[in-house]
$ cat run_27.csv   # CSV, C-alpha atoms
chain,number,residue,atom,x,y,z
A,522,MET,CA,0.0,0.0,0.0
A,523,SER,CA,1.5,3.3,-1.0
A,524,MET,CA,1.9,6.2,1.4
A,525,GLU,CA,-0.4,8.3,-0.8
A,526,ARG,CA,-3.3,5.9,-0.6
A,527,ARG,CA,-3.0,5.6,3.1
A,528,ASN,CA,-2.7,9.3,3.8
A,529,PRO,CA,-1.8,11.7,1.1
A,530,ALA,CA,-1.0,14.7,3.2
A,531,PRO,CA,2.3,13.5,4.9
A,532,SER,CA,3.4,12.1,1.5
A,533,ARG,CA,3.1,15.5,-0.1
A,534,VAL,CA,4.9,17.3,2.7
A,535,TYR,CA,7.7,14.7,2.8
A,536,ARG,CA,8.1,14.9,-0.9
A,537,ALA,CA,8.3,18.7,-0.8
A,538,MET,CA,10.9,18.5,2.1
A,539,VAL,CA,13.0,15.9,0.3
A,540,GLY,CA,12.6,17.9,-3.0
A,541,ALA,CA,14.1,21.0,-1.2
A,542,TYR,CA,17.4,19.2,-0.4
A,543,PRO,CA,20.4,20.2,-2.6
A,544,LYS,CA,20.2,18.5,-6.0
A,545,ALA,CA,23.4,16.4,-5.5
A,546,PHE,CA,22.1,15.0,-2.3
A,547,ARG,CA,18.6,14.5,-3.7
A,548,ASP,CA,19.9,12.7,-6.7
A,549,GLU,CA,21.9,10.3,-4.5
A,550,TYR,CA,19.6,9.8,-1.6
A,551,GLY,CA,16.2,11.3,-2.5
A,552,ALA,CA,14.5,8.1,-3.7
A,553,GLU,CA,15.9,6.2,-0.8
A,554,MET,CA,14.7,8.7,1.7
A,555,LEU,CA,11.2,8.7,0.3
A,556,ARG,CA,11.2,4.9,0.4
A,557,THR,CA,12.3,5.0,4.0
A,558,LEU,CA,9.6,7.6,4.8
A,559,GLU,CA,7.0,5.2,3.2
A,560,ASP,CA,8.3,2.4,5.4
A,561,LEU,CA,8.0,4.6,8.5
A,562,HIS,CA,4.6,5.7,7.6
A,563,GLN,CA,3.3,2.2,6.7
A,564,ASN,CA,4.9,0.2,9.5
A,565,GLU,CA,5.2,2.5,12.4
A,566,GLY,CA,2.2,4.7,12.0
A,567,SER,CA,2.3,7.2,14.8
A,568,ALA,CA,5.3,5.5,16.6
A,569,LEU,CA,7.6,8.3,15.3
A,570,PRO,CA,5.3,11.3,15.1
A,571,SER,CA,5.2,13.1,11.8
A,572,ALA,CA,6.2,16.4,13.5
A,573,LEU,CA,9.5,14.8,14.7
A,574,ILE,CA,10.2,13.5,11.3
A,575,LEU,CA,9.5,16.9,9.8
A,576,VAL,CA,11.8,18.5,12.3
A,577,ASP,CA,14.5,15.9,11.5
A,578,LEU,CA,14.1,16.5,7.8
A,579,GLY,CA,14.2,20.3,8.3
A,580,VAL,CA,17.4,20.1,10.3
A,581,GLY,CA,18.9,17.8,7.7
A,582,LEU,CA,17.8,20.2,5.0
A,583,LEU,CA,19.5,23.2,6.7
A,584,ARG,CA,22.6,21.0,7.3
A,585,GLU,CA,22.9,20.0,3.7
A,586,TRP,CA,22.4,23.5,2.3
A,587,ARG,CA,25.0,24.8,4.8
A,588,SER,CA,27.3,22.1,3.5
A,589,GLU,CA,26.6,23.1,-0.1
A,590,ALA,CA,27.3,26.8,0.8
A,591,GLN,CA,30.5,25.9,2.5
A,592,HIS,CA,31.7,23.9,-0.5
A,593,LEU,CA,30.8,26.8,-2.8
A,594,VAL,CA,32.7,29.3,-0.7
A,595,LEU,CA,35.7,27.0,-0.4
A,596,ALA,CA,35.6,26.4,-4.1
A,597,VAL,CA,35.4,30.1,-5.0
A,598,THR,CA,38.0,31.2,-2.5
A,599,GLY,CA,40.3,28.3,-3.1
A,600,LEU,CA,40.5,27.8,0.7
A,601,HIS,CA,41.8,24.5,2.0
A,602,PRO,CA,39.1,23.2,4.3
A,603,THR,CA,39.4,23.0,8.0
A,604,THR,CA,37.2,20.7,10.1
A,605,GLY,CA,38.3,21.9,13.5
A,606,GLY,CA,39.3,18.3,14.1
A,607,ASP,CA,38.9,15.0,12.3
A,608,ARG,CA,35.6,14.0,13.9
A,609,LEU,CA,32.9,12.4,12.0
A,610,PRO,CA,29.5,14.2,12.0
A,611,ASP,CA,27.6,14.2,15.2
A,612,SER,CA,23.9,15.0,15.5
A,613,ILE,CA,24.6,18.1,13.4
A,614,PRO,CA,27.2,16.7,11.1
A,615,GLN,CA,30.0,18.8,9.8
A,616,PRO,CA,30.3,19.0,6.0
A,617,GLN,CA,32.7,16.5,4.6
A,618,MET,CA,35.9,18.3,3.7
A,619,THR,CA,38.6,15.7,3.8
A,620,ALA,CA,40.2,16.6,0.5
A,621,PRO,CA,40.9,19.9,-1.3
A,622,ASP,CA,38.1,20.7,-3.6
A,623,PRO,CA,39.1,19.6,-7.1
A,624,THR,CA,36.7,22.1,-8.7
A,625,SER,CA,38.5,25.3,-7.4
A,626,ASP,CA,40.8,25.5,-10.5
A,627,ARG,CA,37.8,25.1,-12.8
A,628,THR,CA,35.9,27.7,-10.8
A,629,ASN,CA,38.7,30.2,-11.0
A,630,SER,CA,39.0,29.7,-14.7
A,631,THR,CA,35.3,30.1,-15.2
A,632,GLY,CA,35.3,33.3,-13.2
A,633,LEU,CA,38.2,34.6,-15.3
A,634,ILE,CA,36.5,33.7,-18.6
A,635,CYS,CA,33.3,35.4,-17.4
A,636,GLY,CA,35.1,38.6,-16.5
A,637,VAL,CA,37.0,38.8,-19.8
A,638,ALA,CA,33.9,38.0,-21.8
A,639,ALA,CA,31.9,40.7,-19.9
A,640,ALA,CA,34.6,43.3,-20.7
A,641,ALA,CA,34.8,42.1,-24.4
A,642,LEU,CA,31.0,42.3,-24.7
A,643,GLY,CA,31.1,45.8,-23.3
A,644,ILE,CA,33.6,46.8,-26.0
A,645,VAL,CA,31.4,45.4,-28.7
A,646,TYR,CA,28.3,47.1,-27.3
A,647,MET,CA,30.0,50.5,-27.0
A,648,THR,CA,31.5,50.2,-30.4
A,649,LEU,CA,28.1,49.5,-32.0
A,650,ALA,CA,26.7,52.4,-30.0
A,651,GLY,CA,29.4,54.8,-31.2
A,652,ALA,CA,31.0,55.4,-27.8
A,653,PRO,CA,34.2,57.5,-27.6
A,654,VAL,CA,37.5,55.7,-27.9
A,655,SER,CA,38.3,56.5,-24.3
A,656,TYR,CA,35.4,54.4,-23.2
A,657,LEU,CA,36.6,51.5,-25.3
A,658,ALA,CA,40.1,52.0,-23.9
A,659,GLY,CA,38.6,51.8,-20.4
A,660,ASN,CA,37.1,48.4,-21.1
A,661,ALA,CA,40.3,47.2,-22.8
A,662,ALA,CA,42.2,48.2,-19.7
A,663,ALA,CA,39.8,46.2,-17.6
A,664,MET,CA,40.5,43.2,-19.7
A,665,ILE,CA,44.2,43.5,-18.8
A,666,ILE,CA,43.7,44.5,-15.1
A,667,GLY,CA,41.2,41.7,-14.5
A,668,PRO,CA,43.6,38.9,-15.3
A,669,LEU,CA,46.3,40.7,-13.4
A,670,VAL,CA,44.1,40.7,-10.3
A,671,PHE,CA,43.3,37.1,-10.9
A,672,TRP,CA,46.9,36.3,-11.0
A,673,LEU,CA,47.5,38.4,-7.9
A,674,ILE,CA,44.8,36.6,-5.9
A,675,ARG,CA,46.1,33.2,-7.0
A,676,ALA,CA,49.7,34.3,-6.2
A,677,THR,CA,48.6,35.1,-2.6
A,678,SER,CA,48.0,31.4,-2.0
A,679,GLU,CA,51.8,30.9,-2.4
A,680,PHE,CA,52.6,33.8,0.0
A,681,SER,CA,53.7,33.2,3.5
A,682,GLY,CA,51.3,34.5,6.2
A,683,ARG,CA,53.4,37.6,6.7
A,684,SER,CA,53.4,38.5,3.0
A,685,THR,CA,49.6,38.1,2.9
A,686,ASP,CA,49.3,40.3,6.0
A,687,LEU,CA,51.4,42.9,4.3
A,688,LEU,CA,49.3,42.8,1.2
A,689,LEU,CA,46.2,43.2,3.3
A,690,VAL,CA,47.6,46.2,5.2
A,691,LEU,CA,48.8,47.8,1.9
A,692,SER,CA,45.4,47.3,0.3
A,693,SER,CA,43.6,48.7,3.3
A,694,PHE,CA,45.9,51.8,3.4
A,695,ALA,CA,45.3,52.2,-0.4
A,696,LEU,CA,41.5,52.1,0.2
A,697,LEU,CA,41.9,54.7,3.0
A,698,ALA,CA,44.0,56.9,0.9
A,699,ILE,CA,41.5,56.8,-1.9
A,700,ALA,CA,38.6,57.5,0.5
A,701,LEU,CA,40.5,60.6,1.8
A,702,ARG,CA,42.2,61.8,-1.4
A,703,GLY,CA,40.6,60.1,-4.4
A,704,THR,CA,38.6,61.7,-7.1
A,705,SER,CA,35.1,62.4,-5.9
A,706,VAL,CA,32.0,61.6,-7.9
A,707,ASP,CA,28.6,62.3,-6.4
A,708,GLY,CA,30.2,62.6,-3.0
A,709,ALA,CA,31.9,59.2,-3.2
A,710,SER,CA,35.7,59.3,-3.3
A,711,ARG,CA,36.6,56.0,-4.7
A,712,TRP,CA,38.0,56.8,-8.1
A,713,VAL,CA,41.7,57.1,-9.2
A,714,GLN,CA,42.5,58.9,-12.4
A,715,LEU,CA,45.2,57.2,-14.4
A,716,GLY,CA,45.4,59.4,-17.5
A,717,PRO,CA,42.2,58.8,-19.5
A,718,VAL,CA,41.3,55.8,-17.4
A,719,SER,CA,39.2,56.2,-14.2
A,720,LEU,CA,39.6,53.2,-11.9
A,721,GLN,CA,37.4,52.3,-9.0
A,722,LEU,CA,40.1,50.6,-7.1
A,723,SER,CA,37.9,49.4,-4.3
A,724,LEU,CA,36.4,46.9,-6.8
A,725,VAL,CA,39.8,45.5,-7.3
A,726,LEU,CA,41.2,45.9,-3.8
A,727,VAL,CA,38.2,44.6,-1.8
A,728,PRO,CA,38.1,41.2,-3.4
A,729,VAL,CA,41.9,40.9,-3.1
A,730,LEU,CA,41.7,41.9,0.5
A,731,LEU,CA,38.8,39.5,1.4
A,732,VAL,CA,40.3,36.5,-0.4
A,733,SER,CA,43.7,37.1,1.2
A,734,PHE,CA,42.1,37.5,4.6
A,735,ALA,CA,40.1,34.3,4.1
A,736,ARG,CA,43.4,32.5,3.4
A,737,SER,CA,45.3,34.0,6.2
A,738,PRO,CA,43.1,35.4,9.0
A,739,GLY,CA,45.8,36.6,11.3
A,740,LEU,CA,45.6,39.5,13.7
A,741,LEU,CA,47.4,41.9,11.4
A,742,GLY,CA,45.2,40.9,8.5
A,743,ALA,CA,42.1,41.5,10.7
A,744,LEU,CA,43.4,45.0,11.5
A,745,GLY,CA,43.9,45.5,7.8
A,746,VAL,CA,40.3,44.5,7.0
A,747,ALA,CA,39.1,46.7,9.9
A,748,LEU,CA,41.0,49.6,8.4
A,749,ALA,CA,39.5,48.9,5.0
A,750,SER,CA,36.1,48.8,6.6
A,751,VAL,CA,36.6,52.2,8.1
A,752,ALA,CA,37.7,53.5,4.6
A,753,LEU,CA,34.6,52.1,3.0
A,754,ALA,CA,32.4,53.4,5.8
A,755,LEU,CA,33.6,56.9,4.9
A,756,GLN,CA,31.8,56.6,1.6
A,757,PRO,CA,28.3,58.1,1.4
A,758,ASP,CA,26.7,54.8,0.2
A,759,ARG,CA,27.1,51.4,1.7
A,760,ALA,CA,27.5,49.2,-1.3
A,761,MET,CA,31.1,48.1,-0.8
A,762,ALA,CA,30.7,48.2,3.0
A,763,GLY,CA,27.8,45.8,2.5
A,764,VAL,CA,29.9,43.5,0.4
A,765,VAL,CA,32.6,43.4,3.1
A,766,LEU,CA,30.1,42.7,5.8
A,767,VAL,CA,28.4,39.9,3.8
A,768,ALA,CA,31.9,38.4,3.0
A,769,LEU,CA,33.0,38.5,6.6
A,770,GLY,CA,29.7,37.1,7.8
A,771,THR,CA,30.1,34.2,5.3
A,772,LEU,CA,33.7,33.7,6.3
A,773,ALA,CA,32.7,33.7,10.0
A,774,ALA,CA,30.1,31.0,9.2
A,775,VAL,CA,32.5,28.9,7.1
A,776,ARG,CA,35.7,29.4,9.2
A,777,PRO,CA,34.8,30.6,12.6
A,778,GLY,CA,37.6,32.1,14.5
A,779,ARG,CA,38.1,34.8,17.1
A,780,VAL,CA,40.1,37.0,14.9
A,781,LEU,CA,37.1,37.4,12.5
A,782,TRP,CA,35.1,39.2,15.1
A,783,LEU,CA,37.3,42.2,15.1
A,784,PRO,CA,36.5,43.5,11.6
A,785,LEU,CA,32.9,42.3,12.0
A,786,GLN,CA,32.4,44.3,15.1
A,787,LEU,CA,33.9,47.3,13.5
A,788,ARG,CA,31.9,46.8,10.4
A,789,ARG,CA,28.7,46.7,12.4
A,790,HIS,CA,29.5,49.9,14.2
A,791,SER,CA,30.4,51.8,11.0
A,792,CYS,CA,27.3,50.7,9.0
B,1315,MET,CA,39.3,9.2,-4.1
B,1316,PRO,CA,39.2,10.5,-0.5
B,1317,GLU,CA,42.4,10.6,1.5
B,1318,LYS,CA,42.6,7.6,3.8
B,1319,LYS,CA,42.7,8.5,7.5
B,1320,SER,CA,43.8,6.6,10.5
B,1321,PRO,CA,40.8,5.0,12.4
B,1322,THR,CA,41.7,7.0,15.5
B,1323,ALA,CA,41.3,10.3,13.6
B,1324,PHE,CA,37.5,9.7,13.6
B,1325,LEU,CA,37.2,9.3,17.4
B,1326,PRO,CA,35.1,10.1,19.4
B,1327,LEU,CA,32.0,9.3,17.3
B,1328,SER,CA,28.7,10.9,17.9
B,1329,GLU,CA,25.9,8.7,19.2
B,1330,PRO,CA,23.9,8.5,15.9
B,1331,VAL,CA,27.1,7.7,13.9
B,1332,PHE,CA,28.2,5.0,16.4
B,1333,GLU,CA,24.7,3.5,16.4
B,1334,ILE,CA,24.7,3.4,12.6
B,1335,LEU,CA,28.1,1.6,12.6
B,1336,LEU,CA,26.9,-0.8,15.3
B,1337,ALA,CA,23.7,-1.6,13.3
B,1338,LEU,CA,25.9,-2.5,10.3
B,1339,ALA,CA,28.4,-4.6,12.3
B,1340,ASP,CA,26.7,-7.9,11.9
B,1341,GLU,CA,25.0,-7.6,8.5
B,1342,SER,CA,24.3,-5.2,5.7
B,1343,ARG,CA,21.0,-3.2,6.0
B,1344,HIS,CA,19.1,-0.6,4.2
B,1345,GLY,CA,18.2,2.8,5.7
B,1346,TYR,CA,15.0,1.8,7.3
B,1347,GLY,CA,16.6,-1.5,8.5
B,1348,ILE,CA,19.2,0.6,10.3
B,1349,MET,CA,16.6,2.7,11.9
B,1350,GLN,CA,14.6,-0.4,13.0
B,1351,GLU,CA,17.7,-2.1,14.4
B,1352,VAL,CA,18.8,0.9,16.4
B,1353,SER,CA,15.4,1.5,17.8
B,1354,ALA,CA,14.9,-2.1,18.7
B,1355,ARG,CA,18.3,-2.6,20.3
B,1356,THR,CA,18.1,0.6,22.3
B,1357,GLU,CA,14.4,0.0,23.3
B,1358,SER,CA,13.5,3.2,21.4
B,1359,ARG,CA,15.9,5.2,23.5
B,1360,VAL,CA,17.7,6.2,20.3
B,1361,ARG,CA,15.6,6.9,17.2
B,1362,ILE,CA,17.4,8.2,14.2
B,1363,GLY,CA,15.2,10.2,11.7
B,1364,PRO,CA,15.7,10.0,8.0
B,1365,GLY,CA,17.3,13.4,7.7
B,1366,THR,CA,20.0,12.5,10.3
B,1367,LEU,CA,20.4,9.0,8.9
B,1368,TYR,CA,21.0,9.9,5.3
B,1369,GLY,CA,23.2,13.0,6.2
B,1370,ALA,CA,25.4,10.7,8.3
B,1371,ILE,CA,25.4,8.0,5.6
B,1372,LYS,CA,26.5,10.5,3.0
B,1373,ARG,CA,29.5,11.5,5.1
B,1374,LEU,CA,30.3,8.0,6.2
B,1375,ARG,CA,30.4,7.0,2.6
B,1376,VAL,CA,32.7,9.9,1.7
B,1377,ASP,CA,35.0,9.0,4.6
B,1378,GLY,CA,35.0,5.4,3.5
B,1379,LEU,CA,33.5,3.9,6.6
B,1380,VAL,CA,30.4,2.4,4.9
B,1381,GLU,CA,29.7,1.4,1.4
B,1382,PRO,CA,26.8,0.1,-0.7
B,1383,ALA,CA,26.2,-3.6,-0.6
B,1384,GLU,CA,24.2,-6.1,-2.6
B,1385,PRO,CA,20.7,-6.6,-1.1
B,1386,SER,CA,20.2,-9.9,0.6
B,1387,ASP,CA,16.7,-10.2,-0.9
B,1388,ALA,CA,16.8,-10.0,-4.7
B,1389,GLY,CA,13.1,-9.0,-4.8
B,1390,ASP,CA,13.6,-6.0,-2.6
B,1391,ASP,CA,12.5,-2.5,-3.8
B,1392,GLU,CA,15.4,-1.1,-5.9
B,1393,ARG,CA,15.0,2.2,-4.1
B,1394,ARG,CA,16.2,0.5,-0.9
B,1395,ARG,CA,20.0,0.6,-1.0
B,1396,HIS,CA,21.8,-1.6,1.4
B,1397,TYR,CA,25.0,-0.6,3.2
B,1398,ARG,CA,27.7,-2.4,5.0
B,1399,LEU,CA,30.8,-1.5,7.0
B,1400,THR,CA,34.2,-1.2,5.3
B,1401,GLU,CA,37.3,-2.5,6.9
B,1402,LEU,CA,38.0,1.1,8.0
B,1403,GLY,CA,34.5,1.5,9.4
B,1404,ARG,CA,34.8,-1.7,11.4
B,1405,SER,CA,38.1,-0.6,12.8
B,1406,VAL,CA,36.6,2.8,13.8
B,1407,ALA,CA,33.6,1.0,15.5
B,1408,VAL,CA,36.0,-1.3,17.4
B,1409,LEU,CA,38.2,1.5,18.6
B,1410,GLU,CA,35.2,3.6,19.7
B,1411,THR,CA,33.8,0.6,21.6
B,1412,GLN,CA,37.2,0.2,23.3
B,1413,ARG,CA,37.2,3.9,24.1
B,1414,MET,CA,33.8,3.6,25.7
B,1415,ALA,CA,34.8,0.5,27.6
B,1416,ASP,CA,37.8,2.4,29.0
B,1417,THR,CA,35.5,5.2,30.1
B,1418,VAL,CA,33.1,2.7,31.8
B,1419,ARG,CA,36.1,1.1,33.5
B,1420,ALA,CA,37.3,4.5,34.8
B,1421,ALA,CA,33.7,5.2,36.0
B,1422,ARG,CA,33.7,1.9,37.9
B,1423,SER,CA,37.0,2.6,39.5
B,1424,LYS,CA,35.6,5.9,40.8
B,1425,ARG,CA,32.5,4.1,42.1
B,1426,LEU,CA,30.2,6.0,39.8
B,1427,ILE,CA,28.6,2.7,38.9
B,1428,PRO,CA,28.6,-0.6,40.8
B,1429,LEU,CA,31.8,-2.6,40.2
B,1430,GLU,CA,29.8,-5.6,38.8
B,1431,GLY,CA,26.8,-3.6,37.7
B,1432,LEU,CA,27.2,-3.7,34.0
B,1433,GLY,CA,28.2,-7.3,33.4
$ encode --input "run_27.csv" --output "structure tokens"
Amino acid sequence: MSMERRNPAPSRVYRAMVGAYPKAFRDEYGAEMLRTLEDLHQNEGSALPSALILVDLGVGLLREWRSEAQHLVLAVTGLHPTTGGDRLPDSIPQPQMTAPDPTSDRTNSTGLICGVAAAALGIVYMTLAGAPVSYLAGNAAAMIIGPLVFWLIRATSEFSGRSTDLLLVLSSFALLAIALRGTSVDGASRWVQLGPVSLQLSLVLVPVLLVSFARSPGLLGALGVALASVALALQPDRAMAGVVLVALGTLAAVRPGRVLWLPLQLRRHSC
Amino acid sequence: MPEKKSPTAFLPLSEPVFEILLALADESRHGYGIMQEVSARTESRVRIGPGTLYGAIKRLRVDGLVEPAEPSDAGDDERRRHYRLTELGRSVAVLETQRMADTVRAARSKRLIPLEGLG
């Protein structure tokens, strides 16, 4: 007797819950879970109350999505996972991170291709629209600067902790200098004029800073991020400050550590 | 291919994980079979829900402690996948049991439980 014929309501709810799991998990275990839920429903009736099963499925759902998010962040940042020990999962299992993520190189390459393609499309669009040559030069410069930043971020993984800290502090001072002395547009001082090219350096420095900090979250690095946060807080809008806050929040969830709280606290106060 | 760890690296195990390994110690079982065995053996003191069970199985498989097994009943629903312990999984379960036995021995020596209370 199928679960639907006996009582369709739990079946629909269980199916919806299982269907909300991440696709990879669902593909591997979804059918099995539904079969087990049918067994439970048919053989045990109210022995394990549906509410408890739903809570269990809900907790599992959050756990698997959290695991997916962690894998995504680790893949994007190229971080080597830390488990805080080699323990197997307990009642709230830790995501499985026993080996470096083999997709990180592919993810980095995909990001690079997307960035270069976006800049190239911009050049095509502006050419068709009859934009001035300086605009085209700006996008062409972006196509050069982008891969350079990509190389810089990848190179930081080879740095020692001290070099990464130095990079973080220099980036944060650069952001502060731009906030105080940069070219102002609509009240926001975030542009640097290099001949005909205007660069919004925070778009370059903030990702470098965040990825470097994620890889080497030392005290000096934390102070660098805090300084950068102050620099961004000096701007009239909160776009980049929000990016830093979200990134640090994500990092705190993925790689909890005391040192992360310093910039997060400062960020909260400055927003 | 996941990096092979030493069995001691997995200790201590959480209760649900240890119960799952224990359920698979004598024979292969499918998910619901594991739930039934754990519930019956612990007199319903431990009940593992499907969300916890399959989350743990996923990670146990990645860590190489359990693996899929051929079902004992050929006519079984194909959605029911059977699992069994790997050699590593058995070693981990044995080590965890020894760790627990040491703890019980220590508790006995401190008179927290009767000297002959637990057989």
$ closest_atom_pairs --input "run_27.csv" --of "chain B" --to "chain A" --cutoff "10 Å" --atoms "only C-alpha atoms" --output "Markdown table"
| residue | atom | partner | partner_atom | distance |
| --- | --- | --- | --- | --- |
| B:Met1315 | CA | A:Ala620 | CA | 8.8 |
| B:Pro1316 | CA | A:Ala620 | CA | 6.3 |
| B:Glu1317 | CA | A:Ala620 | CA | 6.5 |
| B:Lys1318 | CA | A:Thr619 | CA | 9.0 |
| B:Lys1319 | CA | A:Asp607 | CA | 8.9 |
| B:Ser1320 | CA | A:Asp607 | CA | 9.9 |
| B:Thr1322 | CA | A:Asp607 | CA | 9.1 |
| B:Ala1323 | CA | A:Asp607 | CA | 5.4 |
| B:Phe1324 | CA | A:Arg608 | CA | 4.7 |
| B:Leu1325 | CA | A:Arg608 | CA | 6.1 |
| B:Pro1326 | CA | A:Arg608 | CA | 6.8 |
| B:Leu1327 | CA | A:Leu609 | CA | 6.2 |
| B:Ser1328 | CA | A:Asp611 | CA | 4.4 |
| B:Glu1329 | CA | A:Asp611 | CA | 7.0 |
| B:Pro1330 | CA | A:Ser612 | CA | 6.5 |
| B:Val1331 | CA | A:Asp611 | CA | 6.6 |
| B:Phe1332 | CA | A:Asp611 | CA | 9.3 |
| B:His1344 | CA | A:Thr557 | CA | 8.8 |
| B:Gly1345 | CA | A:Thr557 | CA | 6.5 |
| B:Tyr1346 | CA | A:Thr557 | CA | 5.3 |
| B:Gly1347 | CA | A:Thr557 | CA | 9.0 |
| B:Met1349 | CA | A:Thr557 | CA | 9.3 |
| B:Gln1350 | CA | A:Leu561 | CA | 9.4 |
| B:Ser1358 | CA | A:Ala568 | CA | 9.8 |
| B:Arg1361 | CA | A:Leu569 | CA | 8.3 |
| B:Ile1362 | CA | A:Asp577 | CA | 8.7 |
| B:Gly1363 | CA | A:Asp577 | CA | 5.7 |
| B:Pro1364 | CA | A:Met554 | CA | 6.5 |
| B:Gly1365 | CA | A:Leu578 | CA | 4.5 |
| B:Thr1366 | CA | A:Gly581 | CA | 6.0 |
| B:Leu1367 | CA | A:Gly581 | CA | 9.0 |
| B:Tyr1368 | CA | A:Tyr550 | CA | 7.0 |
| B:Gly1369 | CA | A:Gly581 | CA | 6.6 |
| B:Ala1370 | CA | A:Pro610 | CA | 6.5 |
| B:Ile1371 | CA | A:Tyr550 | CA | 9.4 |
| B:Lys1372 | CA | A:Phe546 | CA | 8.2 |
| B:Arg1373 | CA | A:Gln617 | CA | 6.0 |
| B:Leu1374 | CA | A:Leu609 | CA | 7.7 |
| B:Arg1375 | CA | A:Gln617 | CA | 10.0 |
| B:Val1376 | CA | A:Gln617 | CA | 7.2 |
| B:Asp1377 | CA | A:Thr619 | CA | 7.6 |
| B:Asp1391 | CA | A:Arg556 | CA | 8.6 |
| B:Glu1392 | CA | A:Glu553 | CA | 8.9 |
| B:Arg1393 | CA | A:Glu553 | CA | 5.3 |
| B:Arg1394 | CA | A:Glu553 | CA | 5.7 |
| B:Arg1395 | CA | A:Glu553 | CA | 6.9 |
$ residues_near_point --input "run_27.csv" --point "(26.8, 26.2, 0.1)" --cutoff "12 Å" --atoms "all atoms listed in the file" --output "ChimeraX atom specification"
/A:542-545,582-597,616,771-772,774-775
$ residues_around --input "run_27.csv" --residues "stretch 723-730 of chain A" --least-positions-apart "5" --cutoff "8 Å" --atoms "only C-alpha atoms" --output "MDAnalysis selection string"
chainID A and resid 670 673:674 688:689 692:693 696 711 746 761 765
$ atom_distance --input "run_27.csv" --atom1 "atom CA of B:Arg1355" --atom2 "atom CA of B:Gln1412"
19.3 Å
$ atom_distance --input "run_27.csv" --atom1 "atom CA of B:Ala1383" --atom2 "atom CA of B:Ser1342"
6.8 Å
$ atom_distance --input "run_27.csv" --atom1 "atom CA of A:Gln756" --atom2 "atom CA of A:Ala700"
6.9 Å
$ residues_around --input "run_27.csv" --residues "A:Ile699" --least-positions-apart "4" --cutoff "9 Å" --atoms "all atoms listed in the file" --output "number ranges by chain"
A: 694-695, 703-704, 710-713, 722-723, 752
$ residues_near_point --input "run_27.csv" --point "(20.8, -4.0, 6.3)" --cutoff "12 Å" --atoms "all atoms listed in the file" --output "MDAnalysis selection string"
chainID B and resid 1334:1352 1380:1387 1390 1394:1399
$ write_last_selection --input "run_27.csv" --atoms "C-alpha atoms" --output "mmCIF file, in the frame of the given file"
data_model
loop_
_atom_site.group_PDB
_atom_site.id
_atom_site.type_symbol
_atom_site.label_atom_id
_atom_site.label_comp_id
_atom_site.auth_asym_id
_atom_site.auth_seq_id
_atom_site.Cartn_x
_atom_site.Cartn_y
_atom_site.Cartn_z
ATOM 1 C CA ILE B 1334 24.700 3.400 12.600
ATOM 2 C CA LEU B 1335 28.100 1.600 12.600
ATOM 3 C CA LEU B 1336 26.900 -0.800 15.300
ATOM 4 C CA ALA B 1337 23.700 -1.600 13.300
ATOM 5 C CA LEU B 1338 25.900 -2.500 10.300
ATOM 6 C CA ALA B 1339 28.400 -4.600 12.300
ATOM 7 C CA ASP B 1340 26.700 -7.900 11.900
ATOM 8 C CA GLU B 1341 25.000 -7.600 8.500
ATOM 9 C CA SER B 1342 24.300 -5.200 5.700
ATOM 10 C CA ARG B 1343 21.000 -3.200 6.000
ATOM 11 C CA HIS B 1344 19.100 -0.600 4.200
ATOM 12 C CA GLY B 1345 18.200 2.800 5.700
ATOM 13 C CA TYR B 1346 15.000 1.800 7.300
ATOM 14 C CA GLY B 1347 16.600 -1.500 8.500
ATOM 15 C CA ILE B 1348 19.200 0.600 10.300
ATOM 16 C CA MET B 1349 16.600 2.700 11.900
ATOM 17 C CA GLN B 1350 14.600 -0.400 13.000
ATOM 18 C CA GLU B 1351 17.700 -2.100 14.400
ATOM 19 C CA VAL B 1352 18.800 0.900 16.400
ATOM 20 C CA VAL B 1380 30.400 2.400 4.900
ATOM 21 C CA GLU B 1381 29.700 1.400 1.400
ATOM 22 C CA PRO B 1382 26.800 0.100 -0.700
ATOM 23 C CA ALA B 1383 26.200 -3.600 -0.600
ATOM 24 C CA GLU B 1384 24.200 -6.100 -2.600
ATOM 25 C CA PRO B 1385 20.700 -6.600 -1.100
ATOM 26 C CA SER B 1386 20.200 -9.900 0.600
ATOM 27 C CA ASP B 1387 16.700 -10.200 -0.900
ATOM 28 C CA ASP B 1390 13.600 -6.000 -2.600
ATOM 29 C CA ARG B 1394 16.200 0.500 -0.900
ATOM 30 C CA ARG B 1395 20.000 0.600 -1.000
ATOM 31 C CA HIS B 1396 21.800 -1.600 1.400
ATOM 32 C CA TYR B 1397 25.000 -0.600 3.200
ATOM 33 C CA ARG B 1398 27.700 -2.400 5.000
ATOM 34 C CA LEU B 1399 30.800 -1.500 7.000
#
